[in-house]
Amino acid sequence: MSLELITQDEFIKKYIPAKTKEKKQAFIRKQKDCLDMGYTDVFIKPYHNQIFVNERRYQDFLIEKSQRNFEERKAAALTAAKF
């Protein structure tokens, strides 16, 4: 099984909207989101100034994040409906 690695610049072009002004900060926020949810293997940093992204794992992260958001909205809607 080979890793689907892309560079930081490729990631930014693909996953950060073009209208975003601070692309490096947006990249750092996405990196932090992954780490906060336990996806420690998404960002690979073999050298100080080089970062690769495991695109497959990032997509797994996006799916889980979407499911969590859906479940949170669903629970909030059920709670609101009870009152």
# chains A, B, ... in the order shown; residues from 1 in each chain; ligands from 1
$ select_by_dssp --residues "chain A" --states "alpha helix (DSSP H)" --output "ChimeraX atom specification"
/A:8-15,23-36,55-82
$ select_by_dssp --residues "chain A" --states "strand (DSSP E or B)" --output "number ranges by chain"
A: 5-7, 43-47, 50-54
$ residues_around --residues "Phe11 in chain A" --least-positions-apart "4" --cutoff "12 Å" --atoms "only C-alpha atoms" --output "ChimeraX atom specification"
/A:4-7,15-18,23-24,26-28,30-31,42-43,51-56,58-59
$ atom_distance --atom1 "CA of Arg57 in chain A" --atom2 "CA of Lys19 in chain A"
25.1 Å
$ atom_distance --atom1 "CA of Cys34 in chain A" --atom2 "CA of Phe61 in chain A"
6.8 Å
